[in-house]
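The block underneath contains the structure these notes are about, expressed in structure tokens.
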Amino acid sequence: MSSSSYKTFDQAGPLAGKRVLLRADLNVPIVKGEGGQLEVRDDFRIEKLLPTIERLKKAGAKTIVLAHIESVETNSLRAVAEYVNTKTAVTFVESLDTLSTHAAQMKNGDVAILENLRSLDAGEKENSADFTKKLAQFGDVYMNEAFSVSHRPHASIVGLPKLLPYFAGPLFDSEVQHLSQAFQPLHPFVFILGGAKFETKLPLVQKFLNKADLVFIGGALANDIFAQRGLEVGQSLRAKGAIDLSALATHPRCATPVDVLVNTPDSYPKLPAEVSATDRILDCGPETVDYLSRMLRTAKLVLWNGPLGDYEKGFEQSTIDLAKAVMKSSARAVLGGGDTIAVLAKAGLLESCLDNEHIFVSTGGGAMLDFLANGTLVGIEALA
Ligand code: ADP
Ligand code: MG
């Protein structure tokens with residue numbers, strides 16, 4: 001996939017006075033503050049989006065931001081819009097009716113953020129023709145800047161480009177370009193996959209066994225491989241349903257943790273073969289991180305998705321140490337995944353990853369994995 005398969009911002013032509021429907025990803029974690037007020041906990045996606053908004057303002061576009069939020073605290077984008085407004089002037093618009101009045105008064109360079117598409121209308125997720133038409137009437141042109149939602153066949157992703165001229169945003173294009181490095185990789189290429197749910201990640205692993213020089217499987221995924229090799233994994237988290245890992249478990253380019261941490265208080269790192277029936281594997285040990293760091297010293301490309309341990313329970317050390325090793329390495333690196341980024345942010349490492357010119361931090365979780373597995377996304381196809 002190259003940028004030539006879709007039109008980019010540079011090829012969009014003059015936008016002054018044009019009404020741009022900007023599909024963005026504002027699905028950021030929200031927490032309740034002490035006074036009960038809603039607060040943005042992590043603004044990584046917002047920070048990434050700001051340059052695009054500034055560019056549209058400069059171009060004199062009338063921008064209407066379309067986005068969604070899925071949060072246990074709220075189903076409104078109001079708090080997010082208020083947060084964005086502290087960075088650059090935007091107006092929150094709470095319904096399509098209000099948008100009708102508001103849009104008529106917008107001046108060149110103005111930006112409005114429309115309420116959560118998914119709570120406004122079930123037609124967003126259903127990709128209903130009716131809802132798509134309602135949205136389309138507010139725009140002259142459509143820009144997809146929401147790579148991380150582009151694996152979803154929703155109205156604002158695949159519907160709108162059927163009704164309006166369209167182009168890809170710079171962030172979207174950057175995601176496609178960076179992730180595409182993995183298809184014709186520099187070598188040695190190290191692919192690191194952590195997290196959980198092997199049942200959703202197996203096709204990806206199979207694909208990269210043929211492309212990478214080393215596929216390291218960590219996190220809860222490793223438990224399934226240990227079990228496949230006949231080792232005891234005790235109470236450790238496993239994949240759901242039966243999956244066939246026989247080829248993977250013996251593959252010469254597939255590596256797994258050489259030491260693990262289990263749930264016993266004050267436990268020392270164990271060899272995978274020492275895990276007992278009452279143990280629960282929750283992280284990789286230091287030997288494993290040393291091994292990966294050595295691999296990263298000579299690597300030219302690193303692709304990493306998924307934490308190596310159960311960081312929510314405090315088992316975050318190996319993930320943090322691996323991130324430091326990636327920063328030290330001169331390899332190009334692409335990192336991504338909602339939980340992976342959450343660990344980096346929590347450890348105060350996200351900023352330095354973002355500032356590091358060798359490292360690209362993807363906003364995509366599921367979209368990143370889908371793109372890597374299939375080489376495209378429904379939202380990319382819709383811009384073809
Ligand atoms: P990402 O969001 O970065 O793509 P995933 O969603 O695939 O990552 O996986 C993250 C989840 O995997 C986290 O909830 C984390 O606690 C869990 N996890 C990682 N390693 C382990 C482990 N050894 N045992 C249990 N859970 C784990
Ligand atoms: Mg996740």
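Chains: A, B, ... in order of the structure tokens. Residues: from 1 per chain. Ligands: from 1, in order shown.
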
Report the closest atom pair, with its distance in Å rounded to one decimal, for each residue of chain A that has an atom no farther than 6 Å from ligand 1; count only C-alpha atoms and all ligand atoms, sort by chain and then rising residue number, and write it as JSON lines.
{"residue": "A:Gly195", "atom": "CA", "partner": "ligand 1", "partner_atom_place_in_ligand_line": "9 (O)", "distance": 3.1}
{"residue": "A:Ala196", "atom": "CA", "partner": "ligand 1", "partner_atom_place_in_ligand_line": "12 (O)", "distance": 4.3}
{"residue": "A:Gly219", "atom": "CA", "partner": "ligand 1", "partner_atom_place_in_ligand_line": "20 (N)", "distance": 3.3}
{"residue": "A:Ala220", "atom": "CA", "partner": "ligand 1", "partner_atom_place_in_ligand_line": "22 (C)", "distance": 3.9}
{"residue": "A:Leu237", "atom": "CA", "partner": "ligand 1", "partner_atom_place_in_ligand_line": "25 (C)", "distance": 5.3}
{"residue": "A:Ile281", "atom": "CA", "partner": "ligand 1", "partner_atom_place_in_ligand_line": "23 (N)", "distance": 5.3}
{"residue": "A:Leu282", "atom": "CA", "partner": "ligand 1", "partner_atom_place_in_ligand_line": "23 (N)", "distance": 3.7}
{"residue": "A:Asp283", "atom": "CA", "partner": "ligand 1", "partner_atom_place_in_ligand_line": "23 (N)", "distance": 4.8}
{"residue": "A:Asn305", "atom": "CA", "partner": "ligand 1", "partner_atom_place_in_ligand_line": "3 (O)", "distance": 5.5}
{"residue": "A:Gly306", "atom": "CA", "partner": "ligand 1", "partner_atom_place_in_ligand_line": "3 (O)", "distance": 3.8}
{"residue": "A:Pro307", "atom": "CA", "partner": "ligand 1", "partner_atom_place_in_ligand_line": "19 (C)", "distance": 5.2}
{"residue": "A:Leu308", "atom": "CA", "partner": "ligand 1", "partner_atom_place_in_ligand_line": "20 (N)", "distance": 4.9}
{"residue": "A:Gly309", "atom": "CA", "partner": "ligand 1", "partner_atom_place_in_ligand_line": "20 (N)", "distance": 3.4}
{"residue": "A:Asp310", "atom": "CA", "partner": "ligand 1", "partner_atom_place_in_ligand_line": "16 (O)", "distance": 3.3}
{"residue": "A:Tyr311", "atom": "CA", "partner": "ligand 1", "partner_atom_place_in_ligand_line": "16 (O)", "distance": 5.1}
{"residue": "A:Glu312", "atom": "CA", "partner": "ligand 1", "partner_atom_place_in_ligand_line": "16 (O)", "distance": 5.4}
{"residue": "A:Gly337", "atom": "CA", "partner": "ligand 1", "partner_atom_place_in_ligand_line": "3 (O)", "distance": 3.3}
{"residue": "A:Gly338", "atom": "CA", "partner": "ligand 1", "partner_atom_place_in_ligand_line": "2 (O)", "distance": 3.8}
{"residue": "A:Asp339", "atom": "CA", "partner": "ligand 1", "partner_atom_place_in_ligand_line": "2 (O)", "distance": 3.6}
{"residue": "A:Thr340", "atom": "CA", "partner": "ligand 1", "partner_atom_place_in_ligand_line": "3 (O)", "distance": 3.7}
{"residue": "A:Gly365", "atom": "CA", "partner": "ligand 1", "partner_atom_place_in_ligand_line": "4 (O)", "distance": 5.0}

Write out, as a short mmCIF file (atom, residue, chain, number, x, y, z; two decimals), in the first residue's frame, the residues just selected, with N, CA, C and O atoms.
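This is the output file selection.cif:
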data_model
loop_
_atom_site.label_atom_id
_atom_site.label_comp_id
_atom_site.auth_asym_id
_atom_site.auth_seq_id
_atom_site.Cartn_x
_atom_site.Cartn_y
_atom_site.Cartn_z
N GLY A 195 0.55 -8.91 24.85
CA GLY A 195 -0.88 -8.79 25.09
C GLY A 195 -1.54 -10.14 25.25
O GLY A 195 -0.91 -11.11 25.64
N ALA A 196 -2.82 -10.16 24.92
CA ALA A 196 -3.61 -11.37 25.14
C ALA A 196 -4.40 -11.72 23.88
O ALA A 196 -4.27 -11.05 22.86
N GLY A 219 3.80 -11.68 26.68
CA GLY A 219 2.49 -11.46 27.27
C GLY A 219 1.77 -12.78 27.52
O GLY A 219 2.40 -13.84 27.60
N ALA A 220 0.44 -12.70 27.61
CA ALA A 220 -0.33 -13.91 27.87
C ALA A 220 -0.26 -14.87 26.68
O ALA A 220 -0.50 -16.07 26.83
N LEU A 237 -3.37 -16.93 32.19
CA LEU A 237 -4.39 -16.57 31.19
C LEU A 237 -4.09 -17.28 29.86
O LEU A 237 -2.97 -17.30 29.39
N ILE A 281 1.41 -16.98 35.48
CA ILE A 281 2.46 -16.19 34.82
C ILE A 281 1.92 -14.80 34.53
O ILE A 281 0.87 -14.66 33.88
N LEU A 282 2.64 -13.76 35.00
CA LEU A 282 2.13 -12.40 34.81
C LEU A 282 3.10 -11.46 34.10
O LEU A 282 2.73 -10.35 33.75
N ASP A 283 4.32 -11.90 33.90
CA ASP A 283 5.28 -11.03 33.19
C ASP A 283 6.46 -11.85 32.70
O ASP A 283 6.65 -13.00 33.14
N ASN A 305 3.74 -4.70 19.24
CA ASN A 305 2.37 -4.47 19.71
C ASN A 305 2.10 -5.38 20.90
O ASN A 305 2.38 -6.57 20.84
N GLY A 306 1.54 -4.79 21.95
CA GLY A 306 1.08 -5.57 23.08
C GLY A 306 2.05 -5.62 24.24
O GLY A 306 3.23 -5.96 24.06
N PRO A 307 1.58 -5.28 25.46
CA PRO A 307 2.44 -5.32 26.64
C PRO A 307 2.92 -6.74 26.94
O PRO A 307 2.23 -7.71 26.66
N LEU A 308 4.11 -6.84 27.53
CA LEU A 308 4.68 -8.16 27.84
C LEU A 308 4.14 -8.75 29.13
O LEU A 308 4.38 -9.92 29.42
N GLY A 309 3.46 -7.92 29.92
CA GLY A 309 2.94 -8.42 31.19
C GLY A 309 1.59 -7.82 31.55
O GLY A 309 1.09 -6.94 30.85
N ASP A 310 1.03 -8.30 32.64
CA ASP A 310 -0.27 -7.82 33.11
C ASP A 310 -0.04 -6.50 33.88
O ASP A 310 0.02 -6.48 35.10
N TYR A 311 0.09 -5.42 33.10
CA TYR A 311 0.49 -4.15 33.71
C TYR A 311 -0.57 -3.58 34.63
O TYR A 311 -0.27 -2.84 35.56
N GLU A 312 -1.84 -3.93 34.37
CA GLU A 312 -2.91 -3.43 35.25
C GLU A 312 -2.69 -3.93 36.68
O GLU A 312 -3.10 -3.29 37.63
N GLY A 337 -0.84 -0.04 19.83
CA GLY A 337 -1.76 -0.79 20.67
C GLY A 337 -2.17 0.06 21.85
O GLY A 337 -1.33 0.70 22.48
N GLY A 338 -3.46 0.08 22.12
CA GLY A 338 -4.00 0.92 23.19
C GLY A 338 -3.33 0.65 24.52
O GLY A 338 -2.92 1.58 25.24
N ASP A 339 -3.17 -0.63 24.86
CA ASP A 339 -2.60 -0.96 26.16
C ASP A 339 -1.09 -0.71 26.18
O ASP A 339 -0.54 -0.29 27.20
N THR A 340 -0.45 -0.97 25.07
CA THR A 340 0.99 -0.72 24.98
C THR A 340 1.27 0.77 25.24
O THR A 340 2.15 1.12 26.04
N GLY A 365 -4.90 0.41 17.37
CA GLY A 365 -4.78 -0.85 18.10
C GLY A 365 -5.26 -1.95 17.16
O GLY A 365 -4.47 -2.54 16.41
#

**Asked** In range 53-147 of chain A, what's helix (DSSP H, G or I) per DSSP? Answer as a PyMOL selection string?
**Response** chain A and resi 53-58+78-87+96-105+117-120+123-126+129-136+147

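When CA of Pro51 in chain A is paired with CA of Thr88 in chain A, their separation reads 10.1 Å.
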
**DSSP-assigned strand (DSSP E or B) members of range 15-203 of chain A, reported as a PyMOL selection string** = chain A and resi 19-23+30-32+38-40+62-66+91-93+111-114+141-144+166-168+189-193

**Non-local contacts of Pro29 in chain A (9 Å; only C-alpha atoms; under 3 positions in same chain excluded) as a list in words** =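 Using only C-alpha atoms, the neighbours found are Glu39, Val40, Arg41, Asp42, Asp43, Ile69, Glu70 and Ser71 of chain A.
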
Please identify every residue of range 64-103 of chain A that has at least one atom no farther than 8 Å from an atom of range 132-152 of chain A, counting only C-alpha atoms, and for each give the shortest atom pair and the distance in Å to one decimal, arranged by chain then increasing number, as CSV.
residue,atom,partner,partner_atom,distance
A:Ile64,CA,A:Gly139,CA,7.9
A:Ser100,CA,A:Phe138,CA,7.8
A:Ala103,CA,A:Phe138,CA,7.4

Writing out the chosen residues with N, CA, C and O atoms as an mmCIF file, in the first residue's frame:
data_model
loop_
_atom_site.group_PDB
_atom_site.id
_atom_site.type_symbol
_atom_site.label_atom_id
_atom_site.label_comp_id
_atom_site.auth_asym_id
_atom_site.auth_seq_id
_atom_site.Cartn_x
_atom_site.Cartn_y
_atom_site.Cartn_z
ATOM 1 N N ILE A 64 -15.795 20.488 10.172
ATOM 2 C CA ILE A 64 -16.683 19.816 11.122
ATOM 3 C C ILE A 64 -16.053 18.475 11.464
ATOM 4 O O ILE A 64 -15.877 17.618 10.592
ATOM 5 N N SER A 100 -27.118 22.324 12.022
ATOM 6 C CA SER A 100 -27.746 23.027 10.893
ATOM 7 C C SER A 100 -27.637 24.536 11.071
ATOM 8 O O SER A 100 -27.255 25.256 10.151
ATOM 9 N N ALA A 103 -23.626 25.557 11.406
ATOM 10 C CA ALA A 103 -22.825 25.463 10.176
ATOM 11 C C ALA A 103 -23.039 26.691 9.293
ATOM 12 O O ALA A 103 -22.107 27.180 8.651
#

**Request:** Report the distance between CA of Asn374 in chain A and atom 1 (Mg, counted along the ligand's line) of ligand 2 in Å, rounded to one decimal place.
**Result:**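 A separation of 19.0 Å between them.
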
**Asked** Which neighbours of Ser352 in chain A fall inside 12 Å, counting only C-alpha atoms, when residues of the same chain fewer than 3 positions from it are skipped, and could you give them as a list of chain:residue names?
**Response**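 Contacts, in chain order: A:Ala323, A:Lys324, A:Val326, A:Met327, A:Lys328, A:Leu344, A:Ala345, A:Ala347, A:Gly348, A:Leu349, A:Asp355, A:Asn356, A:Glu357, A:His358, A:Ile359, A:Phe360, A:Val361.
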
With C-alpha atoms retained, write the just-selected residues as a CSV table (one decimal), in the first residue's frame.
chain,number,residue,atom,x,y,z
A,323,ALA,CA,10.6,0.3,25.6
A,324,LYS,CA,13.9,1.7,26.9
A,326,VAL,CA,13.8,0.2,21.8
A,327,MET,CA,14.7,3.8,22.5
A,328,LYS,CA,18.4,2.9,22.8
A,344,LEU,CA,4.4,3.9,28.0
A,345,ALA,CA,2.3,6.9,29.1
A,347,ALA,CA,5.8,5.1,32.9
A,348,GLY,CA,6.4,8.6,31.5
A,349,LEU,CA,8.1,7.2,28.4
A,355,ASP,CA,10.2,12.8,20.2
A,356,ASN,CA,12.5,10.0,19.0
A,357,GLU,CA,12.9,10.2,15.2
A,358,HIS,CA,13.5,6.4,14.9
A,359,ILE,CA,10.2,5.6,16.6
A,360,PHE,CA,6.7,5.8,15.2
A,361,VAL,CA,3.9,5.4,17.7

**Request:** Quick one: everything within 6 Å of Phe191 in chain A, counting only C-alpha atoms, minus sequence neighbours fewer than 2 positions away in the same chain. Send it as a PyMOL selection string.
**Result:** chain A and resi 215+302-303

Please produce an output containing C-alpha atoms for each residue in the selection, written as a short mmCIF file (atom, residue, chain, number, x, y, z; two decimals), in the first residue's frame.
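Output contents, as saved in again.cif:
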data_model
loop_
_atom_site.label_atom_id
_atom_site.label_comp_id
_atom_site.auth_asym_id
_atom_site.auth_seq_id
_atom_site.Cartn_x
_atom_site.Cartn_y
_atom_site.Cartn_z
CA VAL A 215 9.04 -13.29 16.00
CA VAL A 302 11.26 -3.41 15.07
CA LEU A 303 7.52 -3.77 15.15
#

**Asked** Got a sec: who's within 9 Å of Ala59 in chain A, counting only C-alpha atoms, leaving out chain neighbours fewer than 4 positions off, as a list in words?
**Response**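 Neighbouring residues, sequence-local ones excluded: Pro14, Leu15, Ala16, Gly17, Glu54, Arg55, Asn108 and Gly109 of chain A.
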
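Using only C-alpha atoms, the smallest distance between any of A:Leu38, A:Thr376, A:Thr52, A:Asp25 and Gly169 in chain A comes from A:Thr52.
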
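If you measure from each of A:Leu383, A:Leu231, A:Ala112, A:Val343 to ligand 2 using only C-alpha atoms and all ligand atoms, the closest one turns out to be A:Val343.
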
**Asked** Which is closer to Tyr291 in chain A than all the others in A:Ala331, A:Ala239, A:Leu56, A:Leu214, using only C-alpha atoms?
**Response** A:Leu214

**Asked** Near range 244-256 of chain A, within 8 Å and counting only C-alpha atoms, which residues show up once chain neighbours fewer than 3 positions away are dropped, as a list in words?
**Response** Gln206, Leu209, Asp213, Leu214, Val215, Phe216, Ile217, Gly218, Ala222, Asp224, Ile225, Phe226, Gln228 and Arg229 of chain A

Generate the output file for the selected residues, N, CA and C atoms, as a PDB file, in the first residue's frame.
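As written to disk, again_11.pdb reads:
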ATOM      1  N   GLN A 206       1.369 -15.764  11.837  1.00  0.00           N
ATOM      2  CA  GLN A 206       1.705 -16.635  10.709  1.00  0.00           C
ATOM      3  C   GLN A 206       2.274 -15.831   9.550  1.00  0.00           C
ATOM      4  N   LEU A 209       5.891 -14.622  10.393  1.00  0.00           N
ATOM      5  CA  LEU A 209       6.922 -15.662  10.455  1.00  0.00           C
ATOM      6  C   LEU A 209       7.689 -15.722   9.141  1.00  0.00           C
ATOM      7  N   ASP A 213      12.857 -11.823  10.905  1.00  0.00           N
ATOM      8  CA  ASP A 213      13.968 -12.699  11.254  1.00  0.00           C
ATOM      9  C   ASP A 213      13.741 -13.313  12.628  1.00  0.00           C
ATOM     10  N   LEU A 214      12.966 -12.581  13.431  1.00  0.00           N
ATOM     11  CA  LEU A 214      12.615 -13.100  14.756  1.00  0.00           C
ATOM     12  C   LEU A 214      11.190 -12.657  15.094  1.00  0.00           C
ATOM     13  N   VAL A 215      10.367 -13.614  15.488  1.00  0.00           N
ATOM     14  CA  VAL A 215       9.036 -13.293  15.999  1.00  0.00           C
ATOM     15  C   VAL A 215       9.050 -13.650  17.474  1.00  0.00           C
ATOM     16  N   PHE A 216       8.998 -12.629  18.324  1.00  0.00           N
ATOM     17  CA  PHE A 216       8.990 -12.891  19.760  1.00  0.00           C
ATOM     18  C   PHE A 216       7.560 -12.800  20.260  1.00  0.00           C
ATOM     19  N   ILE A 217       7.110 -13.854  20.925  1.00  0.00           N
ATOM     20  CA  ILE A 217       5.754 -13.881  21.468  1.00  0.00           C
ATOM     21  C   ILE A 217       5.835 -13.771  22.984  1.00  0.00           C
ATOM     22  N   GLY A 218       5.311 -12.660  23.522  1.00  0.00           N
ATOM     23  CA  GLY A 218       5.318 -12.475  24.975  1.00  0.00           C
ATOM     24  C   GLY A 218       3.907 -12.285  25.496  1.00  0.00           C
ATOM     25  N   ALA A 222       2.260 -16.004  25.240  1.00  0.00           N
ATOM     26  CA  ALA A 222       3.322 -16.995  25.437  1.00  0.00           C
ATOM     27  C   ALA A 222       2.805 -18.214  26.197  1.00  0.00           C
ATOM     28  N   ASP A 224       0.126 -19.820  25.859  1.00  0.00           N
ATOM     29  CA  ASP A 224      -0.439 -20.821  24.948  1.00  0.00           C
ATOM     30  C   ASP A 224       0.660 -21.625  24.258  1.00  0.00           C
ATOM     31  N   ILE A 225       1.773 -20.951  23.986  1.00  0.00           N
ATOM     32  CA  ILE A 225       2.877 -21.677  23.346  1.00  0.00           C
ATOM     33  C   ILE A 225       3.560 -22.607  24.350  1.00  0.00           C
ATOM     34  N   PHE A 226       3.750 -22.100  25.574  1.00  0.00           N
ATOM     35  CA  PHE A 226       4.306 -22.977  26.616  1.00  0.00           C
ATOM     36  C   PHE A 226       3.446 -24.239  26.741  1.00  0.00           C
ATOM     37  N   GLN A 228       1.419 -25.540  24.590  1.00  0.00           N
ATOM     38  CA  GLN A 228       1.569 -26.349  23.378  1.00  0.00           C
ATOM     39  C   GLN A 228       2.841 -27.206  23.438  1.00  0.00           C
ATOM     40  N   ARG A 229       3.874 -26.652  24.084  1.00  0.00           N
ATOM     41  CA  ARG A 229       5.132 -27.405  24.206  1.00  0.00           C
ATOM     42  C   ARG A 229       5.096 -28.405  25.348  1.00  0.00           C
TER      43      ARG A 229
END
